[in-house]
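Shown here: target_2.pdb, PDB, C-alpha atoms and all ligand atoms.
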```pdb
ATOM      1  CA  MET A  61      50.397 -20.950  -5.368
ATOM      2  CA  SER A  62      49.688 -24.349  -6.304
ATOM      3  CA  PHE A  63      47.113 -25.240  -3.802
ATOM      4  CA  ILE A  64      46.820 -28.190  -6.107
ATOM      5  CA  ASN A  65      50.471 -29.300  -6.073
ATOM      6  CA  PRO A  66      50.983 -31.667  -3.113
ATOM      7  CA  GLU A  67      54.785 -31.288  -3.251
ATOM      8  CA  ILE A  68      54.598 -27.744  -1.942
ATOM      9  CA  THR A  69      52.907 -28.875   1.232
ATOM     10  CA  LYS A  70      55.804 -31.095   2.381
ATOM     11  CA  ILE A  71      57.230 -28.727   4.917
ATOM     12  CA  PRO A  72      60.464 -29.459   6.775
ATOM     13  CA  ASN A  73      60.807 -29.728  10.534
ATOM     14  CA  GLN A  74      63.740 -27.707  11.798
ATOM     15  CA  ASP A  75      65.512 -28.953  14.918
ATOM     16  CA  ILE A  76      66.019 -26.250  17.528
ATOM     17  CA  GLN A  77      69.190 -26.244  19.623
ATOM     18  CA  HIS A  78      69.007 -24.415  22.942
ATOM     19  CA  SER A  79      70.585 -24.868  26.367
ATOM     20  CA  ILE A  80      67.127 -24.795  28.020
ATOM     21  CA  LEU A  81      66.134 -27.847  25.982
ATOM     22  CA  GLU A  82      69.310 -29.716  26.881
ATOM     23  CA  LEU A  83      69.065 -28.834  30.558
ATOM     24  CA  ASN A  84      65.512 -30.161  30.691
ATOM     25  CA  ASN A  85      66.128 -33.232  28.534
ATOM     26  CA  VAL A  86      63.564 -32.486  25.836
ATOM     27  CA  THR A  87      63.898 -32.010  22.086
ATOM     28  CA  LEU A  88      62.092 -29.394  20.013
ATOM     29  CA  SER A  89      61.478 -29.172  16.272
ATOM     30  CA  LEU A  90      59.673 -26.401  14.465
ATOM     31  CA  LYS A  91      57.481 -27.175  11.484
ATOM     32  CA  ARG A  92      58.215 -24.323   9.095
ATOM     33  CA  GLU A  93      54.698 -23.795   7.784
ATOM     34  CA  ASP A  94      55.684 -20.143   7.484
ATOM     35  CA  GLN A  95      57.698 -21.190   4.426
ATOM     36  CA  ILE A  96      54.803 -22.845   2.618
ATOM     37  CA  HIS A  97      54.124 -19.846   0.379
ATOM     38  CA  THR A  98      55.579 -16.363   0.252
ATOM     39  CA  GLU A  99      52.247 -14.598   0.663
ATOM     40  CA  VAL A 100      49.721 -17.181   1.822
ATOM     41  CA  SER A 101      51.826 -18.360   4.680
ATOM     42  CA  GLY A 102      51.381 -20.950   7.411
ATOM     43  CA  ASN A 103      47.946 -21.968   8.529
ATOM     44  CA  LYS A 104      46.364 -19.489   6.111
ATOM     45  CA  PHE A 105      47.420 -21.656   3.193
ATOM     46  CA  ARG A 106      45.940 -24.705   4.905
ATOM     47  CA  LYS A 107      42.706 -22.930   5.807
ATOM     48  CA  LEU A 108      42.158 -21.383   2.406
ATOM     49  CA  LYS A 109      43.139 -24.353   0.262
ATOM     50  CA  TYR A 110      39.843 -26.277   0.201
ATOM     51  CA  ASN A 111      37.755 -23.109   0.482
ATOM     52  CA  MET A 112      39.298 -21.653  -2.640
ATOM     53  CA  MET A 113      38.895 -24.967  -4.415
ATOM     54  CA  ALA A 114      35.222 -25.029  -3.368
ATOM     55  CA  ALA A 115      34.669 -21.513  -4.734
ATOM     56  CA  GLN A 116      36.184 -22.593  -8.035
ATOM     57  CA  ASP A 117      34.153 -25.833  -8.123
ATOM     58  CA  GLN A 118      30.973 -23.857  -7.493
ATOM     59  CA  MET A 119      31.999 -21.471 -10.310
ATOM     60  CA  ILE A 120      31.827 -18.528  -7.922
ATOM     61  CA  THR A 121      34.235 -15.835  -9.012
ATOM     62  CA  LYS A 122      34.223 -13.695  -5.837
ATOM     63  CA  VAL A 123      35.275 -14.483  -2.282
ATOM     64  CA  LEU A 124      34.238 -12.270   0.610
ATOM     65  CA  THR A 125      35.694 -12.341   4.070
ATOM     66  CA  PHE A 126      36.070 -10.346   7.292
ATOM     67  CA  GLY A 127      39.040  -9.100   9.286
ATOM     68  CA  GLY A 128      40.729  -6.436  11.369
ATOM     69  CA  ALA A 129      43.149  -3.806  10.087
ATOM     70  CA  TYR A 130      46.256  -6.001  10.504
ATOM     71  CA  SER A 131      44.639  -9.354   9.786
ATOM     72  CA  ASN A 132      46.887 -12.126   8.444
ATOM     73  CA  HIS A 133      43.747 -13.699   7.046
ATOM     74  CA  ILE A 134      42.802 -10.603   5.001
ATOM     75  CA  ALA A 135      46.302 -10.387   3.500
ATOM     76  CA  ALA A 136      46.389 -14.100   2.699
ATOM     77  CA  THR A 137      42.882 -14.196   1.201
ATOM     78  CA  ALA A 138      43.700 -11.260  -1.087
ATOM     79  CA  ALA A 139      46.885 -12.940  -2.331
ATOM     80  CA  ALA A 140      45.304 -16.381  -2.733
ATOM     81  CA  ALA A 141      42.306 -14.988  -4.628
ATOM     82  CA  LYS A 142      44.523 -12.985  -6.953
ATOM     83  CA  GLU A 143      46.707 -15.983  -7.685
ATOM     84  CA  LEU A 144      43.666 -18.093  -8.525
ATOM     85  CA  GLY A 145      42.035 -15.396 -10.649
ATOM     86  CA  LEU A 146      39.187 -14.764  -8.189
ATOM     87  CA  GLN A 147      37.943 -11.378  -7.061
ATOM     88  CA  SER A 148      38.129 -10.668  -3.352
ATOM     89  CA  ILE A 149      36.226  -8.413  -0.991
ATOM     90  CA  GLY A 150      37.393  -7.654   2.546
ATOM     91  CA  ILE A 151      34.955  -6.323   5.138
ATOM     92  CA  ILE A 152      37.255  -4.481   7.533
ATOM     93  CA  ARG A 153      36.514  -3.643  11.171
ATOM     94  CA  GLY A 154      36.715   0.105  11.853
ATOM     95  CA  ASP A 155      34.820   2.657   9.772
ATOM     96  CA  GLU A 156      37.306   5.356  10.851
ATOM     97  CA  LEU A 157      39.857   3.666   8.567
ATOM     98  CA  GLY A 158      37.660   4.323   5.557
ATOM     99  CA  LYS A 159      37.428   8.093   6.124
ATOM    100  CA  ASP A 160      40.787   8.828   4.503
ATOM    101  CA  ILE A 161      41.690   5.741   2.524
ATOM    102  CA  LYS A 162      44.879   7.230   1.078
ATOM    103  CA  LYS A 163      46.191   7.897   4.556
ATOM    104  CA  THR A 164      45.052   4.473   5.815
ATOM    105  CA  LEU A 165      46.818   2.687   2.983
ATOM    106  CA  ALA A 166      49.948   4.783   3.430
ATOM    107  CA  GLN A 167      50.093   3.797   7.096
ATOM    108  CA  ASN A 168      48.855   0.220   7.025
ATOM    109  CA  GLU A 169      50.980  -2.376   5.242
ATOM    110  CA  THR A 170      48.404  -5.162   5.573
ATOM    111  CA  LEU A 171      45.597  -3.210   3.912
ATOM    112  CA  ARG A 172      47.980  -1.794   1.298
ATOM    113  CA  PHE A 173      49.052  -5.343   0.468
ATOM    114  CA  ALA A 174      45.400  -6.401   0.201
ATOM    115  CA  VAL A 175      44.601  -3.544  -2.195
ATOM    116  CA  GLU A 176      47.744  -4.253  -4.243
ATOM    117  CA  ASN A 177      46.342  -7.752  -4.593
ATOM    118  CA  GLU A 178      43.123  -6.230  -5.899
ATOM    119  CA  MET A 179      40.999  -6.848  -2.825
ATOM    120  CA  GLN A 180      38.051  -4.481  -2.630
ATOM    121  CA  LEU A 181      37.773  -3.137   0.908
ATOM    122  CA  LYS A 182      34.630  -2.084   2.744
ATOM    123  CA  PHE A 183      35.145  -0.460   6.137
ATOM    124  CA  VAL A 184      32.372  -0.922   8.684
ATOM    125  CA  SER A 185      31.829   0.206  12.258
ATOM    126  CA  ARG A 186      32.511  -2.229  15.084
ATOM    127  CA  GLU A 187      28.779  -2.471  15.631
ATOM    128  CA  VAL A 188      28.102  -3.499  12.030
ATOM    129  CA  TYR A 189      31.136  -5.792  12.038
ATOM    130  CA  ARG A 190      29.608  -7.787  14.901
ATOM    131  CA  LYS A 191      26.875  -8.866  12.461
ATOM    132  CA  LYS A 192      29.418 -10.838  10.427
ATOM    133  CA  THR A 193      27.490 -14.091  10.789
ATOM    134  CA  ASP A 194      24.014 -12.564  10.626
ATOM    135  CA  ALA A 195      22.021 -13.884   7.639
ATOM    136  CA  ILE A 196      20.279 -10.562   6.956
ATOM    137  CA  PHE A 197      23.570  -8.664   6.957
ATOM    138  CA  LEU A 198      25.174 -11.246   4.668
ATOM    139  CA  GLU A 199      22.203 -10.982   2.326
ATOM    140  CA  SER A 200      22.653  -7.203   2.208
ATOM    141  CA  LEU A 201      26.288  -7.784   1.210
ATOM    142  CA  LYS A 202      25.057 -10.023  -1.626
ATOM    143  CA  GLN A 203      22.825  -7.206  -2.804
ATOM    144  CA  GLU A 204      25.822  -4.894  -2.753
ATOM    145  CA  PHE A 205      28.536  -7.144  -4.223
ATOM    146  CA  GLY A 206      26.633  -9.870  -6.084
ATOM    147  CA  ASP A 207      27.058 -13.584  -5.388
ATOM    148  CA  PHE A 208      30.159 -14.501  -3.396
ATOM    149  CA  TYR A 209      31.808 -17.422  -1.636
ATOM    150  CA  LEU A 210      31.873 -16.582   2.065
ATOM    151  CA  VAL A 211      35.008 -17.298   4.056
ATOM    152  CA  PRO A 212      34.301 -16.491   7.717
ATOM    153  CA  GLU A 213      36.455 -14.212   9.875
ATOM    154  CA  GLY A 214      39.765 -15.947  10.633
ATOM    155  CA  GLY A 215      38.956 -18.431   7.875
ATOM    156  CA  THR A 216      37.711 -21.203  10.157
ATOM    157  CA  ASN A 217      35.072 -23.590   8.846
ATOM    158  CA  ASP A 218      34.839 -27.318   8.026
ATOM    159  CA  LEU A 219      36.978 -26.994   4.908
ATOM    160  CA  ALA A 220      39.610 -24.986   6.789
ATOM    161  CA  VAL A 221      39.833 -27.718   9.416
ATOM    162  CA  LYS A 222      40.149 -30.299   6.633
ATOM    163  CA  GLY A 223      43.100 -28.303   5.243
ATOM    164  CA  CYS A 224      44.718 -28.107   8.678
ATOM    165  CA  GLU A 225      44.474 -31.884   8.993
ATOM    166  CA  GLU A 226      47.266 -31.907   6.383
ATOM    167  CA  ILE A 227      49.740 -30.031   8.611
ATOM    168  CA  LEU A 228      50.890 -33.213  10.363
ATOM    169  CA  THR A 229      52.268 -36.001   8.202
ATOM    170  CA  THR A 230      53.040 -39.635   8.981
ATOM    171  CA  THR A 231      56.692 -38.732   9.622
ATOM    172  CA  ASP A 232      55.540 -36.559  12.536
ATOM    173  CA  GLN A 233      54.172 -39.541  14.432
ATOM    174  CA  ASP A 234      57.413 -39.873  16.415
ATOM    175  CA  PHE A 235      56.660 -36.674  18.337
ATOM    176  CA  ASP A 236      55.004 -36.881  21.737
ATOM    177  CA  VAL A 237      53.652 -33.337  21.959
ATOM    178  CA  ILE A 238      52.443 -30.992  19.209
ATOM    179  CA  CYS A 239      52.125 -27.256  19.972
ATOM    180  CA  THR A 240      50.283 -24.579  18.062
ATOM    181  CA  ALA A 241      49.009 -21.046  18.523
ATOM    182  CA  VAL A 242      45.222 -20.693  18.726
ATOM    183  CA  GLY A 243      42.997 -17.867  17.480
ATOM    184  CA  THR A 244      39.622 -19.137  16.312
ATOM    185  CA  GLY A 245      40.413 -22.816  16.939
ATOM    186  CA  GLY A 246      40.402 -24.094  13.351
ATOM    187  CA  THR A 247      44.094 -24.875  13.079
ATOM    188  CA  ILE A 248      44.330 -26.808  16.318
ATOM    189  CA  SER A 249      41.160 -28.743  15.437
ATOM    190  CA  GLY A 250      42.773 -30.022  12.230
ATOM    191  CA  ILE A 251      45.938 -30.930  14.113
ATOM    192  CA  ILE A 252      43.946 -32.735  16.816
ATOM    193  CA  ASN A 253      42.078 -34.720  14.161
ATOM    194  CA  SER A 254      45.246 -35.928  12.485
ATOM    195  CA  ALA A 255      47.370 -36.483  15.619
ATOM    196  CA  VAL A 256      47.831 -40.155  16.526
ATOM    197  CA  GLU A 257      46.770 -41.740  19.770
ATOM    198  CA  HIS A 258      49.958 -41.348  21.792
ATOM    199  CA  GLN A 259      50.311 -37.652  20.885
ATOM    200  CA  LYS A 260      49.129 -34.736  22.978
ATOM    201  CA  VAL A 261      48.226 -31.446  21.307
ATOM    202  CA  LEU A 262      48.819 -28.228  23.269
ATOM    203  CA  GLY A 263      47.128 -25.032  22.092
ATOM    204  CA  PHE A 264      48.336 -21.593  23.153
ATOM    205  CA  PRO A 265      45.451 -19.112  22.782
ATOM    206  CA  ALA A 266      46.577 -15.682  21.587
ATOM    207  CA  LEU A 267      43.546 -14.124  23.236
ATOM    208  CA  LYS A 268      41.468 -14.252  26.394
ATOM    209  CA  GLY A 269      38.127 -15.977  26.471
ATOM    210  CA  ASP A 270      36.646 -19.369  27.142
ATOM    211  CA  PHE A 271      34.735 -19.839  23.888
ATOM    212  CA  LEU A 272      37.617 -21.718  22.285
ATOM    213  CA  LYS A 273      37.046 -25.038  24.017
ATOM    214  CA  GLU A 274      33.526 -25.207  22.618
ATOM    215  CA  GLU A 275      34.705 -24.186  19.156
ATOM    216  CA  ILE A 276      37.341 -26.934  19.104
ATOM    217  CA  GLU A 277      34.835 -29.497  20.385
ATOM    218  CA  HIS A 278      32.620 -28.539  17.461
ATOM    219  CA  TYR A 279      35.310 -29.629  14.988
ATOM    220  CA  SER A 280      36.836 -32.542  16.863
ATOM    221  CA  SER A 281      35.502 -35.244  19.143
ATOM    222  CA  LYS A 282      38.953 -36.323  20.359
ATOM    223  CA  THR A 283      40.255 -35.534  23.826
ATOM    224  CA  ASN A 284      44.018 -35.625  23.233
ATOM    225  CA  TRP A 285      44.438 -31.867  23.673
ATOM    226  CA  GLU A 286      44.649 -29.070  26.174
ATOM    227  CA  LEU A 287      44.616 -25.279  26.043
ATOM    228  CA  ILE A 288      47.456 -23.505  27.845
ATOM    229  CA  THR A 289      45.840 -20.206  28.719
ATOM    230  CA  ALA A 290      48.604 -18.437  30.645
ATOM    231  CA  TYR A 291      50.425 -16.799  27.733
ATOM    232  CA  HIS A 292      48.014 -14.395  25.989
ATOM    233  CA  PHE A 293      49.884 -11.348  27.354
ATOM    234  CA  GLY A 294      46.692  -9.461  28.127
ATOM    235  CA  GLY A 295      44.637 -10.392  25.066
ATOM    236  CA  TYR A 296      44.527 -10.387  21.294
ATOM    237  CA  GLY A 297      47.271  -8.233  19.779
ATOM    238  CA  LYS A 298      48.510  -7.193  23.234
ATOM    239  CA  VAL A 299      52.226  -7.423  23.896
ATOM    240  CA  LYS A 300      54.721  -6.725  26.666
ATOM    241  CA  SER A 301      58.408  -5.917  26.386
ATOM    242  CA  GLU A 302      59.396  -9.372  27.690
ATOM    243  CA  LEU A 303      57.578 -10.940  24.717
ATOM    244  CA  ILE A 304      59.342  -8.641  22.243
ATOM    245  CA  ASP A 305      62.696  -9.379  23.901
ATOM    246  CA  PHE A 306      62.014 -13.107  23.604
ATOM    247  CA  ILE A 307      61.119 -12.814  19.889
ATOM    248  CA  ASN A 308      64.272 -10.803  19.222
ATOM    249  CA  SER A 309      66.547 -13.232  21.112
ATOM    250  CA  PHE A 310      64.932 -16.228  19.400
ATOM    251  CA  LYS A 311      65.634 -14.604  16.034
ATOM    252  CA  LYS A 312      69.253 -13.915  16.990
ATOM    253  CA  GLU A 313      69.867 -17.425  18.313
ATOM    254  CA  GLN A 314      67.883 -19.476  15.798
ATOM    255  CA  GLN A 315      67.631 -17.187  12.760
ATOM    256  CA  ILE A 316      63.884 -17.786  12.848
ATOM    257  CA  GLN A 317      61.405 -14.919  12.842
ATOM    258  CA  LEU A 318      58.363 -15.268  15.093
ATOM    259  CA  ASP A 319      55.355 -12.957  15.055
ATOM    260  CA  PRO A 320      54.104 -11.112  18.163
ATOM    261  CA  VAL A 321      50.418 -12.056  17.917
ATOM    262  CA  TYR A 322      50.555 -15.846  17.622
ATOM    263  CA  THR A 323      53.805 -17.792  17.212
ATOM    264  CA  GLY A 324      55.832 -15.558  19.563
ATOM    265  CA  LYS A 325      53.338 -16.113  22.391
ATOM    266  CA  MET A 326      53.269 -19.855  21.739
ATOM    267  CA  MET A 327      57.055 -20.175  21.731
ATOM    268  CA  TYR A 328      57.442 -17.936  24.798
ATOM    269  CA  GLY A 329      54.932 -20.114  26.644
ATOM    270  CA  LEU A 330      56.508 -23.339  25.476
ATOM    271  CA  PHE A 331      59.997 -22.300  26.615
ATOM    272  CA  ASP A 332      58.578 -21.133  29.944
ATOM    273  CA  MET A 333      56.883 -24.495  30.470
ATOM    274  CA  ILE A 334      60.061 -26.363  29.537
ATOM    275  CA  LYS A 335      62.061 -24.229  32.000
ATOM    276  CA  ASN A 336      59.505 -24.987  34.694
ATOM    277  CA  GLY A 337      59.865 -28.743  34.165
ATOM    278  CA  TYR A 338      56.375 -29.277  32.709
ATOM    279  CA  PHE A 339      57.516 -32.012  30.307
ATOM    280  CA  ARG A 340      58.881 -35.383  31.391
ATOM    281  CA  LYS A 341      62.393 -36.444  30.390
ATOM    282  CA  ASN A 342      62.972 -37.246  26.694
ATOM    283  CA  THR A 343      59.727 -35.639  25.514
ATOM    284  CA  ARG A 344      59.894 -34.941  21.773
ATOM    285  CA  ILE A 345      58.071 -31.711  21.019
ATOM    286  CA  LEU A 346      56.958 -30.424  17.629
ATOM    287  CA  ALA A 347      55.827 -26.789  17.452
ATOM    288  CA  ILE A 348      54.047 -25.435  14.385
ATOM    289  CA  HIS A 349      55.221 -22.137  12.921
ATOM    290  CA  THR A 350      51.887 -20.905  11.589
ATOM    291  CA  GLY A 351      53.305 -17.799   9.858
ATOM    292  CA  GLY A 352      51.771 -14.387  10.508
ATOM    293  CA  LEU A 353      54.969 -12.473   9.810
ATOM    294  CA  GLN A 354      53.228  -9.889   7.648
ATOM    295  CA  GLY A 355      51.699  -8.410  10.814
ATOM    296  CA  ILE A 356      55.053  -7.371  12.313
ATOM    297  CA  ALA A 357      55.200  -4.036  10.486
ATOM    298  CA  GLY A 358      51.832  -2.992  11.922
ATOM    299  CA  MET A 359      52.806  -4.111  15.407
ATOM    300  CA  ASN A 360      56.040  -2.110  15.223
ATOM    301  CA  GLN A 361      54.004   1.046  14.553
ATOM    302  CA  THR A 362      52.054   0.378  17.745
ATOM    303  CA  LEU A 363      55.275  -0.333  19.642
ATOM    304  CA  ILE A 364      56.739   3.016  18.552
ATOM    305  CA  LYS A 365      53.657   4.779  19.953
ATOM    306  CA  LYS A 366      53.917   2.825  23.211
ATOM    307  CA  ARG A 367      57.692   3.450  23.430
ATOM    308  CA  LEU A 368      58.324  -0.270  23.670
ATOM    309  CA  PRO A 369      61.280  -2.054  22.001
ATOM    310  CA  LEU A 370      60.681  -2.916  18.339
ATOM    311  CA  ILE A 371      60.617  -6.352  16.745
ATOM    312  CA  GLU A 372      63.769  -6.764  14.722
ATOM    313  CA  ILE A 373      63.074  -7.914  11.190
TER     314      ILE A 373
HETATM  315  C1  LIG B   1      49.889 -16.748  12.296
HETATM  316  C2  LIG B   1      48.703 -17.383  12.917
HETATM  317  N1  LIG B   1      48.887 -18.430  13.731
HETATM  318  C3  LIG B   1      47.858 -19.036  14.338
HETATM  319  C4  LIG B   1      46.561 -18.602  14.145
HETATM  320  C5  LIG B   1      45.456 -19.300  14.854
HETATM  321  O1  LIG B   1      44.689 -20.030  13.969
HETATM  322  P1  LIG B   1      43.161 -20.364  14.272
HETATM  323  O2  LIG B   1      42.406 -19.095  14.084
HETATM  324  O3  LIG B   1      42.831 -21.378  13.261
HETATM  325  O4  LIG B   1      43.086 -20.851  15.669
HETATM  326  C6  LIG B   1      46.322 -17.516  13.304
HETATM  327  C7  LIG B   1      44.947 -17.012  13.059
HETATM  328  O5  LIG B   1      44.263 -17.479  12.257
HETATM  329  C8  LIG B   1      47.418 -16.895  12.659
HETATM  330  O6  LIG B   1      47.251 -15.836  11.836
END
```
Could you render the structure from this file as structure tokens?
Ligand SMILES: Cc1ncc(COP(=O)(O)O)c(C=O)c1O
Amino acid sequence: MSFINPEITKIPNQDIQHSILELNNVTLSLKREDQIHTEVSGNKFRKLKYNMMAAQDQMITKVLTFGGAYSNHIAATAAAAKELGLQSIGIIRGDELGKDIKKTLAQNETLRFAVENEMQLKFVSREVYRKKTDAIFLESLKQEFGDFYLVPEGGTNDLAVKGCEEILTTTDQDFDVICTAVGTGGTISGIINSAVEHQKVLGFPALKGDFLKEEIEHYSSKTNWELITAYHFGGYGKVKSELIDFINSFKKEQQIQLDPVYTGKMMYGLFDMIKNGYFRKNTRILAIHTGGLQGIAGMNQTLIKKRLPLIEI
């Protein structure tokens, strides 16, 4: 994966052509962080980079982390650990998934991928999962698995933010506005820290809840940012057919795949704001494609059950 090789982290910005952009006199480029690595894609690469290096420096051979059944972070941690010769353990929300593991793995591409990358999975109830930051619970995991390097749920910590500070480069300083999807707040915090004074950072939360502002303020003291909270589509992992239609049209028009949980919501929101004249004339916008494409298969299974249109891959 070459977390170590700086060349791999020079990611191109792709200019987007669209009549809505022309009509509203703005330009849009997409930073293709989704292309940074085939399996540790987008912000996951950035968030894991210094954490994995820290585990290696501390001579710890196991990493342990937490996630849901379709978590991008679980998939990425498994692949990164395998590539670096580390063992990985995933504490997965939902003990029902552990009752028939064969069936779970047959149905769930994310968890199957994690196991193929030699991640050891432990399924816990939602109640137990809520203790993910509790010192006594973490100690009990040490008793069970031996010493490990802890990567928190979603991968956000100081080292993750440090990694995300490398998303923007000096050549991005010409942009006026930087947009990113927000989950736990780590990615946007890194972007805020490395944005220059004239730039404004817009975060599009993929979930409801007002804890994010505080989380971001924990990692950054700057004020050049704002959360755009109108495009979560009902909450984390929730979708509506208009979002799926948007993702499918974007793919057709731009040949760029977006995911339904994060980047699709961000891009839908951004286009909606552009249409509504939110940005002044000649604004140069850079949106970050933070990856997450591995989750599409799982979402399509849910969409079949809900009789909604599927995401075209
Ligand atoms: C594809 C994708 N984009 C954006 C985010 C949001 O990142 P953060 O949790 O650092 O806010 C996530 C979640 O980590 C993600 O998986």
task = Excluding Ile134 of chain A and residues on its chain fewer than 6 positions from it, collect all residues at most 9 Å away from it, counting all atoms listed in the file, and give them as an MDAnalysis selection string.
result = chainID A and resid 125:128 150:152 170:171 174 179 213:214
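When the PyMOL selection byres (((not hetatm)) within 7 of (chain B and resi 1)) is evaluated on the file shown here, the picked residues come out as A:Gly102, A:Asn103, A:Lys104, A:Asn132, A:His133, A:Gly214, A:Gly215, A:Thr216, A:Ala241, A:Val242, A:Gly243, A:Thr244, A:Gly245, A:Gly246, A:Thr247, A:Ile248, A:Tyr322, A:Thr323, A:Thr350, A:Gly351, A:Gly352.
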task = Just give me the gap between atom CA of Tyr279 of chain A and atom CA of Asn111 of chain A in Å, one decimal is fine.
result = 16.1 Å
key: Counting only C-alpha atoms, the residue of A:Thr137, A:Ser309, A:Ser131, A:Gln314 that sits nearest Leu90 of chain A   = A:Gln314
task = Tell me, as JSON, numbers by chain, which residues lie within 10 Å of Glu187 of chain A, counting all atoms listed in the file; anything in the same chain fewer than 5 positions away does not count.
result = {"A": [153, 154, 155, 192]}
inquiry  = Taking all atoms listed in the file into account, name the residue in A:Gly294, A:Gly324, A:Pro369, A:Gly145 that is nearest to Ile348 of chain A.
reply    =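 Using all atoms listed in the file, the shortest distance to Ile348 of chain A belongs to A:Gly324.
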query = Mind telling me what the PyMOL selection byres (((chain A and resi 178) around 9) and not hetatm) catches here, as a VMD selection string?
reply = chain A and resid 138 to 139 141 to 142 147 to 149 173 to 177 179 to 180
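Residues selected in this file by the PyMOL selection byres (((chain A and resi 238) around 7) and not hetatm) comprise Asp236, Val237, Cys239, Thr240, Lys260, Val261, Leu262, Ile345, Leu346 and Ala347 of chain A.
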Export, as an mmCIF file, keeping the file's coordinate frame, the selected residues with C-alpha atoms.
```
data_model
loop_
_atom_site.group_PDB
_atom_site.id
_atom_site.type_symbol
_atom_site.label_atom_id
_atom_site.label_comp_id
_atom_site.auth_asym_id
_atom_site.auth_seq_id
_atom_site.Cartn_x
_atom_site.Cartn_y
_atom_site.Cartn_z
ATOM 1 C CA ASP A 236 55.004 -36.881 21.737
ATOM 2 C CA VAL A 237 53.652 -33.337 21.959
ATOM 3 C CA CYS A 239 52.125 -27.256 19.972
ATOM 4 C CA THR A 240 50.283 -24.579 18.062
ATOM 5 C CA LYS A 260 49.129 -34.736 22.978
ATOM 6 C CA VAL A 261 48.226 -31.446 21.307
ATOM 7 C CA LEU A 262 48.819 -28.228 23.269
ATOM 8 C CA ILE A 345 58.071 -31.711 21.019
ATOM 9 C CA LEU A 346 56.958 -30.424 17.629
ATOM 10 C CA ALA A 347 55.827 -26.789 17.452
#
```
inquiry  = Quick one: residues within 10 Å of Ala255 of chain A, only C-alpha atoms, excluding same-chain residues fewer than 6 positions away - as a list in words?
reply    =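 Final neighbour list, sorted by chain and number: Glu225, Ile227, Leu228, Thr229, Thr230, Asp232, Gln233, Phe235, Asp236, Val237, Ile238, Ser249, Val261, Lys282, Asn284 and Trp285 of chain A.
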Atomic distance atom CA of Asp332 of chain A - atom CA of Ile276 of chain A, expressed in Å with one decimal =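 These two atoms are separated by 24.5 Å.
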request  = Rank A:Arg106, A:Val100, A:Thr289, A:Ile373 by their smallest atom-to-atom distance to Lys311 of chain A, using only C-alpha atoms, and report the top residue only.
outcome  =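 Among the listed residues, A:Ile373 lies closest to Lys311 of chain A.
In this model, the gap between atom CA of Arg344 of chain A and atom CA of Asp234 of chain A comes to 7.7 Å.
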request  = Between A:Ile364, A:Val188, A:Met359, A:Gly269, single out the one closest to Asn168 of chain A, counting only C-alpha atoms.
outcome  =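 For Asn168 of chain A, the nearest of the given residues is A:Met359.
For the choices A:Leu201, A:Val221, A:Met327, A:Val299, the atom-to-atom distance to His278 of chain A is smallest for A:Val221 when using all atoms listed in the file.
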So which residues are close to (40.9, -21.8, -2.1), meaning at most 12 Å away in the file's coordinates with all atoms listed in the file counted, and can you show them as a compact mmCIF listing (two decimals) with C-alpha atoms, in the coordinates of the input?
```txt
# COMPACT_ATOMS: atom_id res chain seq x y z
CA MET A 61 50.40 -20.95 -5.37
CA SER A 62 49.69 -24.35 -6.30
CA PHE A 63 47.11 -25.24 -3.80
CA ILE A 64 46.82 -28.19 -6.11
CA VAL A 100 49.72 -17.18 1.82
CA LYS A 104 46.36 -19.49 6.11
CA PHE A 105 47.42 -21.66 3.19
CA ARG A 106 45.94 -24.70 4.90
CA LYS A 107 42.71 -22.93 5.81
CA LEU A 108 42.16 -21.38 2.41
CA LYS A 109 43.14 -24.35 0.26
CA TYR A 110 39.84 -26.28 0.20
CA ASN A 111 37.76 -23.11 0.48
CA MET A 112 39.30 -21.65 -2.64
CA MET A 113 38.90 -24.97 -4.42
CA ALA A 114 35.22 -25.03 -3.37
CA ALA A 115 34.67 -21.51 -4.73
CA GLN A 116 36.18 -22.59 -8.04
CA ASP A 117 34.15 -25.83 -8.12
CA GLN A 118 30.97 -23.86 -7.49
CA ILE A 120 31.83 -18.53 -7.92
CA THR A 121 34.24 -15.84 -9.01
CA LYS A 122 34.22 -13.70 -5.84
CA VAL A 123 35.28 -14.48 -2.28
CA LEU A 124 34.24 -12.27 0.61
CA ALA A 136 46.39 -14.10 2.70
CA THR A 137 42.88 -14.20 1.20
CA ALA A 138 43.70 -11.26 -1.09
CA ALA A 139 46.88 -12.94 -2.33
CA ALA A 140 45.30 -16.38 -2.73
CA ALA A 141 42.31 -14.99 -4.63
CA LYS A 142 44.52 -12.98 -6.95
CA GLU A 143 46.71 -15.98 -7.68
CA LEU A 144 43.67 -18.09 -8.52
CA GLY A 145 42.04 -15.40 -10.65
CA LEU A 146 39.19 -14.76 -8.19
CA GLN A 147 37.94 -11.38 -7.06
CA SER A 148 38.13 -10.67 -3.35
CA TYR A 209 31.81 -17.42 -1.64
CA LEU A 210 31.87 -16.58 2.06
CA VAL A 211 35.01 -17.30 4.06
CA GLY A 215 38.96 -18.43 7.88
CA LEU A 219 36.98 -26.99 4.91
CA ALA A 220 39.61 -24.99 6.79
CA GLY A 223 43.10 -28.30 5.24
```
key: Pick from A:Gln315, A:His349, A:Gln203, A:Phe306 nearest to Ile96 of chain A, counting all atoms listed in the file   =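 Using all atoms listed in the file, the shortest distance to Ile96 of chain A belongs to A:His349.
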